[in-house]
file upload31.cif (mmCIF, C-alpha atoms)
data_upload
#
loop_
_atom_site.label_atom_id
_atom_site.label_comp_id
_atom_site.auth_asym_id
_atom_site.auth_seq_id
_atom_site.Cartn_x
_atom_site.Cartn_y
_atom_site.Cartn_z
CA MET O 1 32.21 24.82 66.12
CA LEU O 2 30.26 21.80 64.90
CA GLY O 3 32.62 19.50 66.76
CA ARG O 4 31.60 21.02 70.10
CA PHE O 5 28.17 19.41 69.79
CA ILE O 6 28.68 16.31 67.67
CA GLU O 7 31.47 13.78 67.15
CA VAL O 8 32.59 14.80 63.63
CA ARG O 9 35.97 15.88 62.26
CA LEU O 10 36.57 18.57 59.66
CA GLU O 11 37.55 16.24 56.81
CA GLU O 12 34.43 14.13 57.42
CA VAL O 13 31.92 16.98 57.14
CA PRO O 14 31.41 16.94 53.32
CA VAL O 15 30.95 13.17 53.27
CA VAL O 16 28.52 13.26 56.19
CA GLY O 17 26.63 16.08 54.45
CA TRP O 18 26.09 14.04 51.29
CA CYS O 19 25.15 11.02 53.39
CA TRP O 20 22.54 13.22 55.02
CA LEU O 21 21.04 14.28 51.69
CA TYR O 22 21.18 10.69 50.44
CA ILE O 23 19.28 9.12 53.33
CA PHE O 24 17.01 12.16 53.68
CA SER O 25 15.80 11.59 50.13
CA VAL O 26 15.37 7.84 50.56
CA LEU O 27 13.45 8.10 53.85
CA SER O 28 11.31 11.01 52.65
CA SER O 29 10.32 8.87 49.69
CA TYR O 30 9.49 5.89 51.89
CA TYR O 31 7.56 7.84 54.53
CA ILE O 32 5.45 9.51 51.88
CA MET O 33 4.40 6.00 50.84
CA ARG O 34 4.33 4.26 54.22
CA PRO O 35 0.93 5.58 55.43
CA ILE O 36 -0.53 4.78 52.01
CA ARG O 37 0.82 1.25 52.39
CA ASP O 38 -0.57 0.86 55.92
CA GLN O 39 -4.00 2.08 54.84
CA ALA O 40 -3.90 -0.39 51.93
CA GLY O 41 -3.16 -3.17 54.43
CA VAL O 42 -6.19 -2.21 56.52
CA ALA O 43 -8.42 -1.82 53.42
CA GLY O 44 -7.37 -5.27 52.20
CA GLY O 45 -8.46 -6.84 55.49
CA VAL O 46 -6.40 -7.32 58.65
CA ASN O 47 -6.92 -11.09 58.40
CA ASN O 48 -5.09 -11.10 55.05
CA LEU O 49 -1.92 -9.50 56.42
CA GLN O 50 -0.20 -12.85 56.97
CA TRP O 51 -0.45 -13.53 53.24
CA LEU O 52 0.88 -10.06 52.44
CA PHE O 53 3.90 -10.76 54.65
CA THR O 54 4.38 -14.06 52.80
CA GLY O 55 4.30 -12.21 49.50
CA THR O 56 6.89 -9.77 50.86
CA LEU O 57 9.25 -12.62 51.74
CA ILE O 58 8.91 -14.05 48.23
CA GLY O 59 9.59 -10.60 46.78
CA MET O 60 12.77 -10.34 48.81
CA LEU O 61 13.96 -13.72 47.56
CA VAL O 62 13.26 -12.77 43.95
CA LEU O 63 15.22 -9.50 44.17
CA ASN O 64 18.25 -10.67 46.17
CA ILE O 65 19.77 -12.80 43.41
CA PRO O 66 19.75 -10.15 40.63
CA PHE O 67 21.02 -7.56 43.13
CA ALA O 68 23.92 -9.87 44.06
CA TYR O 69 24.68 -10.26 40.35
CA LEU O 70 24.88 -6.46 39.96
CA VAL O 71 27.21 -6.27 42.97
CA LYS O 72 29.41 -8.96 41.42
CA LYS O 73 29.65 -7.37 37.96
CA LEU O 74 29.45 -3.60 38.47
CA PRO O 75 31.31 -1.05 40.62
CA ARG O 76 29.51 0.61 43.51
CA ASP O 77 28.80 3.87 41.67
CA ARG O 78 26.88 1.93 38.98
CA PHE O 79 24.90 -0.81 40.72
CA ILE O 80 23.49 1.53 43.39
CA PRO O 81 21.96 4.00 40.87
CA ILE O 82 20.52 1.11 38.86
CA THR O 83 18.85 -0.23 42.02
CA TYR O 84 17.24 3.11 42.92
CA ARG O 85 16.05 3.87 39.39
CA PHE O 86 14.44 0.44 39.19
CA PHE O 87 12.39 1.25 42.29
CA ALA O 88 11.55 4.74 41.00
CA ALA O 89 10.16 3.22 37.80
CA ASN O 90 8.04 0.89 39.95
CA ILE O 91 6.60 3.85 41.87
CA ILE O 92 5.52 5.52 38.64
CA LEU O 93 3.92 2.24 37.53
CA PHE O 94 1.86 2.03 40.75
CA ALA O 95 0.73 5.63 40.32
CA ALA O 96 -0.56 4.72 36.86
CA LEU O 97 -2.31 1.57 38.15
CA LEU O 98 -4.05 3.52 40.91
CA TYR O 99 -5.16 6.14 38.42
CA TRP O 100 -6.76 3.60 36.05
CA SER O 101 -8.21 1.13 38.60
CA ASP O 102 -11.78 1.13 39.90
CA ALA O 103 -12.77 0.58 43.55
CA ALA O 104 -12.58 -3.23 43.43
CA GLN O 105 -9.33 -3.25 41.46
CA SER O 106 -7.76 -0.70 43.80
CA ILE O 107 -8.03 -3.22 46.68
CA TRP O 108 -5.82 -5.66 44.79
CA VAL O 109 -3.48 -2.91 43.61
CA GLY O 110 -3.24 -1.85 47.26
CA ARG O 111 -2.32 -5.37 48.36
CA ILE O 112 0.43 -5.59 45.75
CA PHE O 113 1.56 -2.10 46.71
CA PHE O 114 1.73 -3.18 50.39
CA ILE O 115 4.08 -6.02 49.44
CA TRP O 116 6.16 -3.83 47.13
CA VAL O 117 6.66 -0.99 49.65
CA SER O 118 7.68 -3.55 52.29
CA VAL O 119 10.33 -4.84 49.87
CA PHE O 120 11.31 -1.31 48.80
CA ASN O 121 11.86 -0.10 52.36
CA LEU O 122 14.41 -2.72 53.34
CA PHE O 123 16.25 -2.73 50.03
CA VAL O 124 16.79 1.00 49.62
CA VAL O 125 17.78 1.54 53.24
CA SER O 126 20.04 -1.52 53.25
CA VAL O 127 21.84 -0.29 50.13
CA PHE O 128 22.43 3.07 51.82
CA TRP O 129 24.00 1.43 54.88
CA GLN O 130 25.98 -0.97 52.70
CA MET O 131 27.70 2.03 51.18
CA ASN O 132 28.26 3.60 54.61
CA VAL O 133 29.90 0.55 56.19
CA ASP O 134 32.12 0.45 53.10
CA LEU O 135 33.03 4.14 53.44
CA PHE O 136 33.69 4.40 57.19
CA SER O 137 35.94 2.55 59.63
CA PRO O 138 34.59 0.92 62.84
CA GLU O 139 35.77 3.91 64.89
CA GLN O 140 34.12 6.36 62.49
CA GLY O 141 30.94 4.28 62.51
CA LYS O 142 30.63 4.56 66.29
CA ARG O 143 30.97 8.33 66.11
CA LEU O 144 29.09 9.13 62.93
CA PHE O 145 26.36 6.58 62.23
CA GLY O 146 23.97 8.11 64.74
CA LEU O 147 24.54 11.55 63.23
CA ILE O 148 24.06 10.19 59.72
CA ALA O 149 20.90 8.40 60.82
CA ALA O 150 19.55 11.80 61.88
CA GLY O 151 19.33 12.61 58.17
CA ALA O 152 16.99 9.63 57.88
CA THR O 153 14.90 10.98 60.72
CA VAL O 154 14.61 14.42 59.14
CA GLY O 155 13.57 12.77 55.90
CA ALA O 156 11.02 10.64 57.73
CA VAL O 157 9.60 13.70 59.50
CA VAL O 158 9.27 15.56 56.20
CA GLY O 159 7.76 12.58 54.37
CA SER O 160 5.26 11.70 57.09
CA SER O 161 4.35 15.38 57.55
CA VAL O 162 3.61 15.74 53.85
CA THR O 163 1.32 12.71 53.84
CA ALA O 164 -0.32 13.56 57.17
CA SER O 165 -1.22 17.05 55.98
CA LEU O 166 -2.22 16.17 52.40
CA ALA O 167 -3.77 12.67 52.68
CA ARG O 168 -7.34 14.00 52.95
CA PHE O 169 -6.98 16.52 50.12
CA VAL O 170 -4.50 15.17 47.55
CA SER O 171 -4.67 12.01 45.48
CA PRO O 172 -2.09 9.34 46.42
CA ILE O 173 -0.95 9.45 42.79
CA PHE O 174 0.70 12.86 43.24
CA LEU O 175 2.34 11.74 46.48
CA LEU O 176 3.81 8.73 44.69
CA LEU O 177 5.26 10.87 41.90
CA GLY O 178 7.00 13.02 44.50
CA ALA O 179 8.43 9.88 46.10
CA ALA O 180 9.90 8.80 42.75
CA ILE O 181 11.60 12.18 42.21
CA LEU O 182 13.26 11.94 45.63
CA LEU O 183 14.99 8.70 44.62
CA GLU O 184 16.73 10.54 41.79
CA VAL O 185 18.13 12.96 44.40
CA ALA O 186 19.52 9.91 46.20
CA VAL O 187 21.20 8.76 42.98
CA PHE O 188 22.89 12.15 42.62
CA SER O 189 24.17 11.90 46.20
CA VAL O 190 25.66 8.45 45.51
CA GLY O 191 27.77 9.92 42.72
CA CYS O 192 29.09 12.69 44.97
CA LEU O 193 29.93 10.21 47.76
CA SER O 194 31.83 7.97 45.34
CA ARG O 195 34.01 10.92 44.36
CA LEU O 196 34.61 11.92 47.99
CA SER O 197 35.24 8.45 49.45
CA PRO O 198 39.06 8.53 49.05
CA THR O 199 39.22 11.51 51.46
CA LEU O 200 38.16 9.20 54.31
CA HIS O 201 41.20 6.93 53.98
CA GLN O 202 44.83 7.75 54.63
CA ARG O 203 46.13 5.29 52.05
CA PRO O 204 43.44 4.85 49.37
CA VAL O 205 44.06 2.38 46.59
CA ALA O 206 43.55 4.08 43.26
CA GLY O 207 40.36 2.81 41.70
CA GLY O 208 40.02 0.07 44.33
CA ALA O 209 36.93 1.47 46.00
CA GLU O 210 35.04 1.53 42.73
CA ALA O 211 36.19 -1.82 41.35
CA PRO O 212 33.55 -4.56 41.00
CA ILE O 213 33.46 -6.67 44.14
CA GLY O 214 33.29 -9.97 42.27
CA GLY O 215 32.81 -13.25 44.08
CA SER O 216 29.84 -15.59 43.90
CA VAL O 217 26.23 -14.52 43.36
CA PHE O 218 25.27 -16.79 46.28
CA ALA O 219 28.05 -15.59 48.61
CA GLY O 220 25.61 -13.46 50.58
CA ILE O 221 23.63 -16.56 51.53
CA THR O 222 26.52 -18.95 52.14
CA HIS O 223 28.61 -16.46 54.13
CA ALA O 224 25.64 -15.50 56.31
CA PHE O 225 25.35 -19.13 57.49
CA ARG O 226 29.04 -20.01 57.51
CA SER O 227 30.25 -17.29 59.88
CA ARG O 228 29.30 -17.57 63.55
CA TYR O 229 29.44 -13.79 63.80
CA LEU O 230 27.07 -13.25 60.87
CA VAL O 231 24.75 -15.99 62.16
CA ASN O 232 24.37 -13.99 65.36
CA VAL O 233 23.86 -10.76 63.42
CA SER O 234 21.08 -12.61 61.58
CA LEU O 235 19.62 -13.81 64.87
CA PHE O 236 19.62 -10.27 66.25
CA LEU O 237 17.68 -8.99 63.25
CA LEU O 238 15.37 -12.03 63.22
CA LEU O 239 14.33 -11.50 66.85
CA PHE O 240 13.92 -7.77 66.26
CA ALA O 241 11.61 -8.44 63.29
CA ILE O 242 9.54 -11.03 65.17
CA THR O 243 8.88 -8.70 68.09
CA SER O 244 8.21 -5.76 65.76
CA THR O 245 5.61 -7.77 63.85
CA PHE O 246 3.82 -8.75 67.06
CA LEU O 247 3.53 -5.07 67.97
CA TYR O 248 2.54 -4.05 64.43
CA PHE O 249 -0.36 -6.51 64.36
CA GLN O 250 -1.59 -5.28 67.74
CA GLN O 251 -1.60 -1.73 66.39
CA LEU O 252 -3.39 -2.54 63.14
CA GLY O 253 -6.10 -4.55 64.88
CA ILE O 254 -6.91 -1.70 67.25
CA VAL O 255 -6.81 0.99 64.55
CA SER O 256 -9.18 -0.95 62.28
CA HIS O 257 -11.79 -0.91 65.06
CA SER O 258 -11.12 2.67 66.17
CA PHE O 259 -11.35 4.50 62.82
CA SER O 260 -13.83 3.82 60.04
CA ASP O 261 -12.68 6.52 57.59
CA ARG O 262 -9.75 5.56 55.35
CA GLY O 263 -8.35 9.09 55.38
CA ALA O 264 -8.46 9.14 59.19
CA GLN O 265 -6.60 5.82 59.33
CA THR O 266 -3.89 7.13 57.01
CA ALA O 267 -3.60 10.36 59.01
CA PHE O 268 -3.29 8.37 62.28
CA PHE O 269 -0.46 6.23 60.93
CA ALA O 270 1.30 9.34 59.61
CA SER O 271 0.90 11.09 62.98
CA VAL O 272 2.49 8.14 64.82
CA ASP O 273 5.36 8.24 62.33
CA LEU O 274 5.76 11.97 62.96
CA LEU O 275 5.93 11.54 66.75
CA VAL O 276 8.48 8.74 66.41
CA ASN O 277 10.78 10.77 64.23
CA VAL O 278 10.58 14.00 66.21
CA LEU O 279 11.50 12.06 69.37
CA THR O 280 14.34 10.33 67.56
CA LEU O 281 16.00 13.39 66.02
CA ALA O 282 17.48 15.07 69.11
CA VAL O 283 19.00 11.80 70.33
CA GLN O 284 20.60 11.08 66.96
CA LEU O 285 22.03 14.57 66.59
CA PHE O 286 23.61 14.96 70.00
CA LEU O 287 23.61 11.70 71.96
CA THR O 288 23.90 8.54 69.84
CA GLY O 289 27.63 8.82 69.09
CA ARG O 290 28.43 9.62 72.71
CA ILE O 291 26.21 6.79 73.98
CA VAL O 292 27.96 4.21 71.79
CA LEU O 293 31.42 5.50 72.71
CA PHE O 294 30.56 5.59 76.43
CA LEU O 295 28.61 2.33 76.81
CA GLY O 296 30.29 0.32 74.06
CA VAL O 297 28.59 -1.71 71.36
CA ALA O 298 27.42 -4.55 73.64
CA LEU O 299 25.49 -2.44 76.16
CA THR O 300 24.10 -0.15 73.47
CA LEU O 301 22.76 -3.10 71.46
CA GLY O 302 21.00 -4.32 74.60
CA VAL O 303 18.89 -1.16 74.99
CA LEU O 304 16.19 -2.16 72.49
CA PRO O 305 15.70 -5.77 73.73
CA ALA O 306 15.44 -4.48 77.31
CA LEU O 307 12.87 -1.85 76.29
CA THR O 308 10.92 -4.54 74.42
CA MET O 309 10.73 -6.70 77.57
CA ILE O 310 9.47 -3.74 79.60
CA GLY O 311 7.03 -2.59 76.91
CA PHE O 312 5.31 -5.91 76.38
CA GLY O 313 5.11 -6.35 80.14
CA ALA O 314 3.33 -2.99 80.37
CA LEU O 315 1.07 -3.99 77.46
CA ALA O 316 0.06 -7.14 79.33
CA LEU O 317 -1.07 -4.95 82.23
CA PHE O 318 -2.66 -2.14 80.17
CA PRO O 319 -3.85 -3.51 76.78
CA THR O 320 -5.21 -0.20 75.42
CA ILE O 321 -4.73 1.83 72.26
CA THR O 322 -2.86 4.44 74.28
CA ALA O 323 -0.45 1.82 75.64
CA VAL O 324 0.14 0.42 72.17
CA ALA O 325 0.74 3.87 70.69
CA VAL O 326 3.15 4.92 73.45
CA PHE O 327 5.08 1.64 73.25
CA GLN O 328 5.25 1.85 69.46
CA VAL O 329 6.60 5.41 69.56
CA LEU O 330 9.21 4.67 72.25
CA ARG O 331 10.36 1.40 70.71
CA ARG O 332 10.70 2.71 67.18
CA ALA O 333 12.49 5.83 68.43
CA ALA O 334 14.96 3.63 70.36
CA ASP O 335 15.47 1.54 67.23
CA TYR O 336 16.13 4.47 64.91
CA ALA O 337 18.18 6.55 67.35
CA ILE O 338 20.25 3.86 69.09
CA ALA O 339 19.83 0.28 67.87
CA ARG O 340 19.95 0.84 64.11
CA PRO O 341 23.17 2.94 63.99
CA THR O 342 24.83 0.52 66.42
CA ARG O 343 23.69 -2.49 64.39
CA GLU O 344 25.33 -1.00 61.29
CA VAL O 345 28.63 -0.75 63.17
CA LEU O 346 28.58 -4.57 63.32
CA PHE O 347 29.24 -4.74 59.57
CA THR O 348 32.31 -2.47 59.63
CA VAL O 349 34.47 -5.41 60.78
CA VAL O 350 33.47 -7.91 58.06
CA PRO O 351 35.10 -8.37 54.62
CA ARG O 352 34.01 -6.01 51.84
CA GLU O 353 32.06 -8.66 49.92
CA ASP O 354 30.00 -9.40 53.03
CA ARG O 355 29.24 -5.70 53.52
CA TYR O 356 27.17 -5.80 50.36
CA LYS O 357 26.09 -9.38 49.69
CA ALA O 358 25.70 -10.90 53.16
CA LYS O 359 24.36 -7.61 54.53
CA SER O 360 21.77 -7.40 51.76
CA PHE O 361 20.63 -10.96 52.47
CA ILE O 362 20.46 -10.38 56.22
CA ASP O 363 18.76 -6.99 55.98
CA THR O 364 16.10 -8.26 53.59
CA MET O 365 15.57 -12.03 53.62
CA VAL O 366 16.38 -12.61 57.28
CA TYR O 367 14.36 -9.57 58.34
CA ARG O 368 11.32 -10.58 56.31
CA THR O 369 11.65 -14.16 57.55
CA GLY O 370 11.27 -12.69 61.02
CA ASP O 371 8.19 -10.82 59.80
CA GLN O 372 6.84 -14.09 58.48
CA VAL O 373 7.48 -15.99 61.70
CA GLY O 374 5.90 -13.18 63.68
CA ALA O 375 2.87 -12.84 61.42
CA TRP O 376 1.98 -16.54 61.41
CA SER O 377 2.78 -16.83 65.12
CA VAL O 378 0.22 -14.10 65.83
CA ALA O 379 -2.33 -15.98 63.72
CA LEU O 380 -1.57 -19.22 65.60
CA LEU O 381 -1.80 -17.57 69.00
CA ARG O 382 -5.12 -15.98 68.10
CA TRP O 383 -6.38 -19.33 66.80
CA VAL O 384 -5.64 -20.98 70.15
CA GLY O 385 -7.52 -18.18 71.88
CA LEU O 386 -4.84 -15.80 73.16
CA GLY O 387 -5.71 -12.12 73.21
CA THR O 388 -3.58 -9.02 73.59
CA VAL O 389 -2.43 -9.92 77.11
CA GLY O 390 -1.51 -13.50 76.21
CA VAL O 391 0.42 -12.44 73.11
CA ALA O 392 2.34 -9.84 75.12
CA LEU O 393 3.39 -12.45 77.67
CA VAL O 394 4.65 -14.76 74.90
CA VAL O 395 6.99 -12.05 73.59
CA ILE O 396 8.78 -11.40 76.91
CA PRO O 397 10.95 -14.59 76.88
CA ILE O 398 11.72 -13.97 73.18
CA ALA O 399 13.02 -10.51 74.09
CA THR O 400 15.10 -12.04 76.90
CA ALA O 401 16.87 -14.34 74.43
CA TRP O 402 17.36 -11.34 72.16
CA LEU O 403 19.07 -9.43 75.00
CA LEU O 404 21.58 -12.25 75.53
CA ASN O 405 22.28 -12.39 71.79
CA ALA O 406 22.88 -8.60 71.72
CA TRP O 407 25.42 -8.85 74.54
CA TRP O 408 27.44 -11.62 72.83
CA LEU O 409 27.34 -9.86 69.48
CA GLY O 410 28.46 -6.51 70.83
CA ARG O 411 31.38 -8.05 72.70
CA ARG O 412 32.45 -9.95 69.59
CA GLN O 413 32.34 -6.80 67.43
CA GLU O 414 34.50 -4.93 69.91
CA LEU O 415 37.02 -7.79 69.91
CA LEU O 416 37.19 -7.94 66.10
CA ALA O 417 37.55 -4.17 65.83
CA ALA O 418 40.40 -4.21 68.36
CA GLU O 419 42.16 -7.04 66.53
CA GLN O 420 41.87 -5.27 63.18
CA GLY O 421 43.03 -2.01 64.69
CA VAL O 422 46.14 -3.65 66.13
CA ALA O 423 46.80 -5.48 62.88
CA SER O 424 46.62 -2.26 60.89
CA GLU O 425 49.15 -0.45 63.12
CA PRO O 426 52.74 -0.72 61.86
CA ARG O 427 55.28 -1.89 64.42
CA PRO O 428 59.08 -2.05 64.36
CA ALA O 429 60.50 -5.32 63.05
CA ARG O 430 62.21 -7.53 65.61
CA ARG O 431 65.78 -8.64 65.12
CA GLY O 432 65.86 -11.25 62.37
CA GLU O 433 62.26 -10.59 61.35
CA PRO O 434 61.48 -9.13 57.89
CA GLN O 435 59.84 -5.69 57.90
CA PRO O 436 56.16 -6.01 56.84
CA ILE O 437 55.05 -4.21 53.73
CA GLY O 438 51.70 -2.41 53.86
CA GLY O 439 49.19 -3.20 56.57
CA GLY O 440 45.58 -3.77 57.45
CA ALA O 441 43.42 -6.72 58.24
CA GLY O 442 40.70 -8.05 56.03
CA GLY O 443 38.14 -8.57 58.79
#
call {"tool": "encode", "arguments": {"input": "upload31.cif", "output": "structure tokens"}}
result
Amino acid sequence: MLGRFIEVRLEEVPVVGWCWLYIFSVLSSYYIMRPIRDQAGVAGGVNNLQWLFTGTLIGMLVLNIPFAYLVKKLPRDRFIPITYRFFAANIILFAALLYWSDAAQSIWVGRIFFIWVSVFNLFVVSVFWQMNVDLFSPEQGKRLFGLIAAGATVGAVVGSSVTASLARFVSPIFLLLGAAILLEVAVFSVGCLSRLSPTLHQRPVAGGAEAPIGGSVFAGITHAFRSRYLVNVSLFLLLFAITSTFLYFQQLGIVSHSFSDRGAQTAFFASVDLLVNVLTLAVQLFLTGRIVLFLGVALTLGVLPALTMIGFGALALFPTITAVAVFQVLRRAADYAIARPTREVLFTVVPREDRYKAKSFIDTMVYRTGDQVGAWSVALLRWVGLGTVGVALVVIPIATAWLLNAWWLGRRQELLAAEQGVASEPRPARRGEPQPIGGGAGG
């Protein structure tokens, strides 16, 4: 009955269900904290945001090396829980700092919290998708990643709804404690997925899925620059982050002048988040898998760059808060519903070590480097006198280059997936040729 509406098979249902609970918990936790983070960014001064983005990049660099060490030394069902419990302990620490700080101190706590949540968001979501690209094949990823991402959207709707409805009446401290508890639910889901993962494979290797990955601590960095394919994955994410940061700064500047009350600012950000996620959910549940299967990876990846070109063109013509809000909602919905699940499919054709180490580096360091380039580019463009219209016009050629990159990358993924699929299919031995033992390609 479920298969009539979504592209899922019977044996995949339990795994998809636990993936749903896993990402629901992670995204609920983040979206409870996201409006608090955005309000802290406004309270700390919009002109200081470039420095907060710099601090975020440094935070990513600091955390990537110890995370790679955990991946090297520990099996998947151990290093993932350690990662989430580390972040949960941090949330409790921030709740205590906010409780004991006065008005002046809370500004600085808020700035640190802004940096930390920006690090938290990419790390916890990246770890979730690292496990997914390790669990599912390229074909399963095309069918299921959109459906799985719907669990993230439901979590985001719940988290943003909680903060939007309670921000004016409840202390942020209690919201933070709830966010920490949700990460423990994610840890429980990881354990269940580790036990179920062999059911996804026809010929599982006993204990292989949970063995430490090994390799070098710096493999994530070296592999990301050594592989042409991963370089282009990095470029895709870099251009996405740059254009997202341009739009984010436009939004924050307008909101800071439109609302004077801190609670109203937080409620506005939460309401935008709610609209984005409600719009996203129906597409993820019923359309994303079919869109990817029908259009292919290359055309599907091109949807977001094309929308970005159109959106910034419209913003150049109508530089209003309504235009910014509409563009932000549509662009983020397209990212969550279409681009993000398709982007994760790109990693299903790379070696297992790269699914964790290189993916972690790309999802965090490369992404935040894009933030950094975007943030300081906005500052430079404002310094030379460009306003909203001028900034929007600058982004259009960047989005055009991004569209070309998406097309190449999607075509390459489809080629690699086809090659690996052929390599994994047994074939009769020719006369005089030894029969191969086993099968499969390493990507």
call {"tool": "closest_residue", "arguments": {"input": "upload31.cif", "among": "O:Val389, O:Val276, O:Leu285, O:Ala270", "to": "O:Asp335", "atoms": "all atoms listed in the file"}}
result
O:Val276
call {"tool": "closest_residue", "arguments": {"input": "upload31.cif", "among": "O:Leu301, O:Leu57, O:Leu183, O:Leu275", "to": "O:Leu330", "atoms": "only C-alpha atoms"}}
result
O:Leu275
call {"tool": "resolve_selection", "arguments": {"input": "upload31.cif", "expression": "the PyMOL selection byres ((chain O and resi 404-416) around 9)", "output": "MDAnalysis selection string"}}
result
chainID O and resid 229 232:233 235:236 296:302 305 343 345:350 399:403 417:421 443
call {"tool": "residues_around", "arguments": {"input": "upload31.cif", "residues": "O:Leu21", "least_positions_apart": "6", "cutoff": "12 Å", "atoms": "only C-alpha atoms", "output": "list in words"}}
result
Pro14, Val15, Leu27, Ser28, Phe128, Ile148, Ala149, Ala150, Gly151, Ala152, Thr153, Val154, Gly155, Leu182, Leu183, Glu184, Val185, Ala186, Val187, Phe188, Ser189, Val190, Cys192 and Leu193 of chain O
call {"tool": "resolve_selection", "arguments": {"input": "upload31.cif", "expression": "the PyMOL selection byres ((chain O and resi 274) around 9)", "output": "list of chain:residue names"}}
result
O:Ala156, O:Val157, O:Val158, O:Gly159, O:Ser160, O:Ser161, O:Ala164, O:Phe269, O:Ala270, O:Ser271, O:Val272, O:Asp273, O:Leu275, O:Val276, O:Asn277, O:Val278, O:Leu279
call {"tool": "resolve_selection", "arguments": {"input": "upload31.cif", "expression": "the PyMOL selection byres ((chain O and resi 221) around 10)", "output": "PyMOL selection string"}}
result
chain O and resi 64-65+216-220+222-226+354+357-362+365
call {"tool": "closest_residue", "arguments": {"input": "upload31.cif", "among": "O:Leu393, O:Ile36, O:Val329, O:Leu63", "to": "O:Phe312", "atoms": "all atoms listed in the file"}}
result
O:Leu393
call {"tool": "closest_residue", "arguments": {"input": "upload31.cif", "among": "O:Ser101, O:Ala68, O:Leu61, O:Met33", "to": "O:Phe114", "atoms": "all atoms listed in the file"}}
result
O:Met33
call {"tool": "atom_distance", "arguments": {"input": "upload31.cif", "atom1": "atom CA of O:Asp77", "atom2": "atom CA of O:Ser194"}}
result
6.3 Å
call {"tool": "residues_around", "arguments": {"input": "upload31.cif", "residues": "stretch 172-176 of chain O", "least_positions_apart": "6", "cutoff": "7 Å", "atoms": "all atoms listed in the file", "output": "list in words"}}
result
Ile32, Met33, Ile91, Ala95, Leu98 and Tyr99 of chain O
call {"tool": "write_last_selection", "arguments": {"input": "upload31.cif", "atoms": "C-alpha atoms", "output": "mmCIF file, keeping the file's coordinate frame"}}
result
data_model
loop_
_atom_site.group_PDB
_atom_site.id
_atom_site.type_symbol
_atom_site.label_atom_id
_atom_site.label_comp_id
_atom_site.auth_asym_id
_atom_site.auth_seq_id
_atom_site.Cartn_x
_atom_site.Cartn_y
_atom_site.Cartn_z
ATOM 1 C CA ILE O 32 5.450 9.510 51.880
ATOM 2 C CA MET O 33 4.400 6.000 50.840
ATOM 3 C CA ILE O 91 6.600 3.850 41.870
ATOM 4 C CA ALA O 95 0.730 5.630 40.320
ATOM 5 C CA LEU O 98 -4.050 3.520 40.910
ATOM 6 C CA TYR O 99 -5.160 6.140 38.420
#
call {"tool": "atom_distance", "arguments": {"input": "upload31.cif", "atom1": "atom CA of O:Ala375", "atom2": "atom CA of O:Ala392"}}
result
14.0 Å
call {"tool": "atom_distance", "arguments": {"input": "upload31.cif", "atom1": "atom CA of O:Ala241", "atom2": "atom CA of O:Ile82"}}
result
27.7 Å
call {"tool": "closest_residue", "arguments": {"input": "upload31.cif", "among": "O:Gln328, O:Asn132, O:Ser244, O:Ser137", "to": "O:Arg368", "atoms": "only C-alpha atoms"}}
result
O:Ser244
call {"tool": "residues_near_point", "arguments": {"input": "upload31.cif", "point": "(23.3, 7.8, 61.9)", "cutoff": "9 Å", "atoms": "all atoms listed in the file", "output": "list in words"}}
result
Trp20, Gly141, Arg143, Leu144, Phe145, Gly146, Leu147, Ile148, Ala149, Ala150, Gly151, Ala152, Gln284, Leu285, Thr288, Gly289, Tyr336, Ala337, Ile338, Arg340, Pro341 and Thr342 of chain O
call {"tool": "closest_residue", "arguments": {"input": "upload31.cif", "among": "O:Cys19, O:Ala333, O:Ile242, O:Leu196", "to": "O:Trp376", "atoms": "all atoms listed in the file"}}
result
O:Ile242
call {"tool": "residues_near_point", "arguments": {"input": "upload31.cif", "point": "(9.4, -2.0, 54.4)", "cutoff": "12 Å", "atoms": "all atoms listed in the file", "output": "compact mmCIF listing (two decimals) with C-alpha atoms, keeping the file's coordinate frame"}}
result
# COMPACT_ATOMS: atom_id res chain seq x y z
CA LEU O 27 13.45 8.10 53.85
CA SER O 29 10.32 8.87 49.69
CA TYR O 30 9.49 5.89 51.89
CA TYR O 31 7.56 7.84 54.53
CA MET O 33 4.40 6.00 50.84
CA ARG O 34 4.33 4.26 54.22
CA PRO O 35 0.93 5.58 55.43
CA ARG O 37 0.82 1.25 52.39
CA ASP O 38 -0.57 0.86 55.92
CA LEU O 52 0.88 -10.06 52.44
CA PHE O 53 3.90 -10.76 54.65
CA THR O 56 6.89 -9.77 50.86
CA LEU O 57 9.25 -12.62 51.74
CA GLY O 59 9.59 -10.60 46.78
CA MET O 60 12.77 -10.34 48.81
CA PHE O 113 1.56 -2.10 46.71
CA PHE O 114 1.73 -3.18 50.39
CA ILE O 115 4.08 -6.02 49.44
CA TRP O 116 6.16 -3.83 47.13
CA VAL O 117 6.66 -0.99 49.65
CA SER O 118 7.68 -3.55 52.29
CA VAL O 119 10.33 -4.84 49.87
CA PHE O 120 11.31 -1.31 48.80
CA ASN O 121 11.86 -0.10 52.36
CA LEU O 122 14.41 -2.72 53.34
CA PHE O 123 16.25 -2.73 50.03
CA VAL O 124 16.79 1.00 49.62
CA VAL O 125 17.78 1.54 53.24
CA SER O 126 20.04 -1.52 53.25
CA ALA O 241 11.61 -8.44 63.29
CA THR O 245 5.61 -7.77 63.85
CA ASP O 363 18.76 -6.99 55.98
CA THR O 364 16.10 -8.26 53.59
CA MET O 365 15.57 -12.03 53.62
CA TYR O 367 14.36 -9.57 58.34
CA ARG O 368 11.32 -10.58 56.31
CA ASP O 371 8.19 -10.82 59.80
